[in-house]
Each structure stands twice: as structure tokens, then as C-alpha cells.
Amino acid sequence: MIVPLQGAQMLQMLEKSLRKYLPGSLKVILENSKGSKKKVYGTIYHMSHGNPFNLKALVDKWPDFNTVVVRPQEKDMADDLDYYTNTYQIYSKDPQNCQEFLGSSEVINWKQHLQIQSSQTHLNEAIQNLANIRSLQVKHSENILYVSPETIKNLFPSFLDAKNLSPASGKPKAINQDMFKLSSLDATHAALVNKFWLFGGNERSQRFIERCIKHFPSSCVLGPEGTPASWTLMDQTGEMRMGGTIPEYRAQGLVSFVVYSQEQTMKKRGFPVYSHTDKSNTAMQKMSYSLQHVPMPCAWNQWKCVPV
């Protein structure tokens, strides 16, 4: 069975049901801040409020579902090679028995280049099995998932432990404000961000970056030339991503300053603060530690699938 969730009431029921599965359900759904009148923004929130990426949610049954998939509408997935657009967020209460649902062409279009994101490494077996059945090459990336203390306090407070926090203040060192000016990105900066994004560097990734800049908050510092020296932005799932610094301005603390500034912007607007870092990227891990971002017990996973 495939059930599309339509209307605010069904989406709110989905939110409520998934609250108890955080942080594992972080890439799919985020709920209200406890004790706050502000809404915490996540994938489902965007679907209920404007839906700038035109996403939809599918479950295997309703209301007692096991697996939920958030994905774009079919009409927006016209380019079979655009795995930036052809992106699926998945959460399953039963990863060992979700293969039949995920295998349906109505849920996932396995004929396209696509990517799957989830905080559940246990989905790997089902995805690899489906890749073998459908003759796909799969590249699985497992990264460290970081969440800010305030987001943890609001969303799953029982997890917050003082032992997890860095003894640092959580604030970055000051930068030379005569040389660098805090600002936000605009669409003309997409090419620069794309150039330095590990997952980017092509026309499709640049279009994706442009959409993110247009629809969601971003932060950067402008160098003496008046162009971004360091930056970070947010994607359609509410995650802080695509941070970078041009080579001549590295090792000056700019990325820490920009990430901290973006964090303050996101908190003021009710967004959660979370991100991921490659396990080999020790510099970004040290930065996350200095800002008191907490590594989660679950990983940030991405499966890039390409038909053979």
C-alpha cells in the first residue's frame, strides 16, 4: 500500500508520530519546540507552508505507518540525471522490512540518477538489495551528524548531557571587521559556492544551490573585493550545508564566524541547527566542537544511486 499524505492535518499527525524517533528522524521531520510558540522548520514544515521545493510525503500505511519517504513531485523530476533534485529522505521504524515499499516505482524512481538521505545506517541492506535487483551502482557515504545544544534541548532534551559539550564558550573568535563584512548570499554567488562544494561542481548542482539561496537563509562574510570569502547556507531539509572558504582566506577563523552567525539567524527564525561532517575532516570536527555542536549516536547517511 502507498498512501500520499495530503493536507495540514495528516502532516501534523506525521510530525507528532515521529517526535519520539529523534534524532533518527531528523532528516525527515522536525516538530514544535517544546515550550516555544515558534515552529521548528523541517522538511514537513516546508511542505505545509509554501513548499518551495514542491515535496510530498508517502507512507506504507496510515495512520500506523512503518516507513515514510519525502520526495519531489514527479513533474519536478524530469531530468533523469539530476540527482540533486531527485533526492529522497527516508525514515523507517522497521528498516529490516521496508524493502518492498521502497522498491515500488511509485515511491522511488530507480531508473533515474538519485540520492537517498537518512539518519539510519540500517537502511543500507535494503538499499543495497534493491540496487542489486535493479542493476544500480551505489556509493554510500556515512558522516558525523552534529546538532546544536539548543536544538537538542528543544527537540529531544533527554539526550543533552553536559559531558557531551565542549568546555569552550560556543562562540567564535572575533574577525577583522575592517576587512570582512557579515552579509548573506544572493543567487549570483551560486557559482562560487558550487566551485568549492564537495558534492557540486556542475550545472545541476549550481541550479540546486541557487534554489536554496533564493528560498532559505544563508550567511557569508564579504572580503575586501566585495565578494564572499566564506559562507554557509541551508537546504530543503533545514540542514546547514555547503560551507566553504576561498583558499587565500583560510585559517583565519572565518568559517567558524559564518557558521555561528548562520546559527543565530536560524535560531531567531525558529529553524533547528544541525549539519554533517566527513569523518576524515578533522578541521570541521574541531570547529563543531568549539561551537559546542554535539555529535549524534546516529550517522548522516547518503546513498548516491546510478543505473548501470
# chains A, B, ... in the order shown; residues from 1 in each chain; ligands from 1
call {"tool": "select_by_dssp", "arguments": {"residues": "stretch 36-263 of chain A", "states": "helix (DSSP H, G or I)", "output": "PyMOL selection string"}}
result
chain A and resi 43-48+74-76+95-97+99-103+121-133+149-155+157-159+162-164+187-196+203-215+247-249+254-263
call {"tool": "residues_around", "arguments": {"residues": "stretch 84-89 of chain A", "least_positions_apart": "4", "cutoff": "10 Å", "atoms": "only C-alpha atoms", "output": "JSON, numbers by chain"}}
result
{"A": [25, 26, 27, 28, 29, 43, 53, 55, 57, 68, 69, 70, 71, 72, 73, 74, 76, 77, 78, 79, 80, 107, 108, 109, 112, 113, 114, 115, 116, 117, 118, 119, 199, 200, 204, 205, 206, 207, 208, 209, 237, 302, 303, 304]}
call {"tool": "residues_around", "arguments": {"residues": "A:Met284", "least_positions_apart": "3", "cutoff": "12 Å", "atoms": "only C-alpha atoms", "output": "mmCIF file with N, CA, C and O atoms, in the first residue's frame"}}
result
data_model
loop_
_atom_site.group_PDB
_atom_site.id
_atom_site.type_symbol
_atom_site.label_atom_id
_atom_site.label_comp_id
_atom_site.auth_asym_id
_atom_site.auth_seq_id
_atom_site.Cartn_x
_atom_site.Cartn_y
_atom_site.Cartn_z
ATOM 1 N N ASN A 143 28.525 9.905 7.463
ATOM 2 C CA ASN A 143 29.197 11.054 8.041
ATOM 3 C C ASN A 143 28.713 11.323 9.464
ATOM 4 O O ASN A 143 27.711 10.775 9.922
ATOM 5 N N ILE A 144 29.430 12.200 10.159
ATOM 6 C CA ILE A 144 29.070 12.561 11.532
ATOM 7 C C ILE A 144 27.944 13.588 11.490
ATOM 8 O O ILE A 144 28.032 14.589 10.787
ATOM 9 N N LEU A 145 26.888 13.331 12.239
ATOM 10 C CA LEU A 145 25.752 14.244 12.350
ATOM 11 C C LEU A 145 25.912 15.079 13.614
ATOM 12 O O LEU A 145 26.041 14.528 14.709
ATOM 13 N N TYR A 146 25.908 16.405 13.459
ATOM 14 C CA TYR A 146 26.037 17.326 14.579
ATOM 15 C C TYR A 146 24.737 18.100 14.779
ATOM 16 O O TYR A 146 24.088 18.500 13.806
ATOM 17 N N GLY A 243 29.152 24.736 3.341
ATOM 18 C CA GLY A 243 30.071 25.751 3.839
ATOM 19 C C GLY A 243 31.409 25.699 3.113
ATOM 20 O O GLY A 243 31.864 24.633 2.681
ATOM 21 N N GLY A 244 32.035 26.854 2.975
ATOM 22 C CA GLY A 244 33.338 26.904 2.325
ATOM 23 C C GLY A 244 34.034 28.235 2.538
ATOM 24 O O GLY A 244 33.412 29.225 2.922
ATOM 25 N N THR A 245 35.335 28.241 2.291
ATOM 26 C CA THR A 245 36.153 29.455 2.360
ATOM 27 C C THR A 245 37.126 29.418 1.196
ATOM 28 O O THR A 245 37.738 28.367 0.926
ATOM 29 N N ALA A 251 42.150 29.484 7.405
ATOM 30 C CA ALA A 251 42.927 29.519 8.656
ATOM 31 C C ALA A 251 42.862 30.874 9.353
ATOM 32 O O ALA A 251 43.791 31.257 10.066
ATOM 33 N N GLY A 253 39.703 31.724 10.841
ATOM 34 C CA GLY A 253 38.517 31.621 11.678
ATOM 35 C C GLY A 253 37.241 32.105 11.023
ATOM 36 O O GLY A 253 36.222 32.282 11.696
ATOM 37 N N VAL A 255 35.199 30.623 8.775
ATOM 38 C CA VAL A 255 34.102 29.663 8.673
ATOM 39 C C VAL A 255 33.402 29.495 10.027
ATOM 40 O O VAL A 255 32.175 29.370 10.098
ATOM 41 N N SER A 256 34.165 29.536 11.114
ATOM 42 C CA SER A 256 33.550 29.465 12.445
ATOM 43 C C SER A 256 32.637 30.655 12.677
ATOM 44 O O SER A 256 31.525 30.518 13.208
ATOM 45 N N VAL A 259 29.469 30.193 10.398
ATOM 46 C CA VAL A 259 28.576 29.151 10.910
ATOM 47 C C VAL A 259 27.863 29.636 12.169
ATOM 48 O O VAL A 259 26.653 29.413 12.337
ATOM 49 N N SER A 275 23.980 19.754 11.143
ATOM 50 C CA SER A 275 24.844 19.675 9.965
ATOM 51 C C SER A 275 25.564 18.334 9.991
ATOM 52 O O SER A 275 25.426 17.557 10.941
ATOM 53 N N HIS A 276 26.335 18.075 8.953
ATOM 54 C CA HIS A 276 27.137 16.858 8.948
ATOM 55 C C HIS A 276 28.560 17.172 8.500
ATOM 56 O O HIS A 276 28.818 18.168 7.825
ATOM 57 N N THR A 277 29.479 16.306 8.890
ATOM 58 C CA THR A 277 30.897 16.471 8.570
ATOM 59 C C THR A 277 31.496 15.119 8.230
ATOM 60 O O THR A 277 31.201 14.121 8.890
ATOM 61 N N ASP A 278 32.323 15.088 7.213
ATOM 62 C CA ASP A 278 33.023 13.865 6.833
ATOM 63 C C ASP A 278 33.908 13.389 7.985
ATOM 64 O O ASP A 278 34.506 14.179 8.699
ATOM 65 N N LYS A 279 33.975 12.070 8.153
ATOM 66 C CA LYS A 279 34.760 11.514 9.257
ATOM 67 C C LYS A 279 36.245 11.841 9.154
ATOM 68 O O LYS A 279 36.963 11.823 10.162
ATOM 69 N N SER A 280 36.723 12.143 7.953
ATOM 70 C CA SER A 280 38.137 12.467 7.775
ATOM 71 C C SER A 280 38.427 13.959 7.894
ATOM 72 O O SER A 280 39.596 14.368 7.896
ATOM 73 N N ASN A 281 37.378 14.789 7.994
ATOM 74 C CA ASN A 281 37.547 16.241 8.032
ATOM 75 C C ASN A 281 37.728 16.698 9.480
ATOM 76 O O ASN A 281 36.808 17.193 10.126
ATOM 77 N N MET A 287 36.029 22.528 14.651
ATOM 78 C CA MET A 287 35.192 23.716 14.643
ATOM 79 C C MET A 287 33.844 23.421 15.290
ATOM 80 O O MET A 287 33.346 24.206 16.111
ATOM 81 N N SER A 288 33.235 22.281 14.941
ATOM 82 C CA SER A 288 31.952 21.913 15.525
ATOM 83 C C SER A 288 32.074 21.768 17.038
ATOM 84 O O SER A 288 31.191 22.202 17.795
ATOM 85 N N TYR A 289 33.160 21.179 17.486
ATOM 86 C CA TYR A 289 33.398 21.007 18.927
ATOM 87 C C TYR A 289 33.523 22.358 19.615
ATOM 88 O O TYR A 289 32.951 22.580 20.692
ATOM 89 N N SER A 290 34.237 23.287 18.976
ATOM 90 C CA SER A 290 34.431 24.610 19.581
ATOM 91 C C SER A 290 33.125 25.390 19.677
ATOM 92 O O SER A 290 32.963 26.231 20.565
ATOM 93 N N LEU A 291 32.180 25.116 18.762
ATOM 94 C CA LEU A 291 30.881 25.782 18.795
ATOM 95 C C LEU A 291 29.866 25.011 19.641
ATOM 96 O O LEU A 291 28.687 25.364 19.669
ATOM 97 N N HIS A 293 28.639 22.087 19.170
ATOM 98 C CA HIS A 293 27.732 21.209 18.452
ATOM 99 C C HIS A 293 28.022 19.770 18.870
ATOM 100 O O HIS A 293 29.179 19.369 18.999
#
call {"tool": "select_by_dssp", "arguments": {"residues": "stretch 86-195 of chain A", "states": "strand (DSSP E or B)", "output": "PyMOL selection string"}}
result
chain A and resi 87-92+114-118+136-147+181-183
call {"tool": "closest_residue", "arguments": {"among": "A:Ala191, A:Leu58, A:Cys220, A:Leu81", "to": "A:Val306", "atoms": "only C-alpha atoms"}}
result
A:Leu81
call {"tool": "closest_residue", "arguments": {"among": "A:Ile2, A:Leu11, A:Ile127, A:Cys305", "to": "A:Lys111", "atoms": "only C-alpha atoms"}}
result
A:Cys305
call {"tool": "residues_around", "arguments": {"residues": "stretch 184-187 of chain A", "least_positions_apart": "6", "cutoff": "7 Å", "atoms": "only C-alpha atoms", "output": "VMD selection string"}}
result
chain A and resid 210 213 to 214 218 to 220
call {"tool": "residues_around", "arguments": {"residues": "A:Asn164", "least_positions_apart": "4", "cutoff": "12 Å", "atoms": "only C-alpha atoms", "output": "MDAnalysis selection string"}}
result
chainID A and resid 146:149 152 159:160 168 289:290 292:297
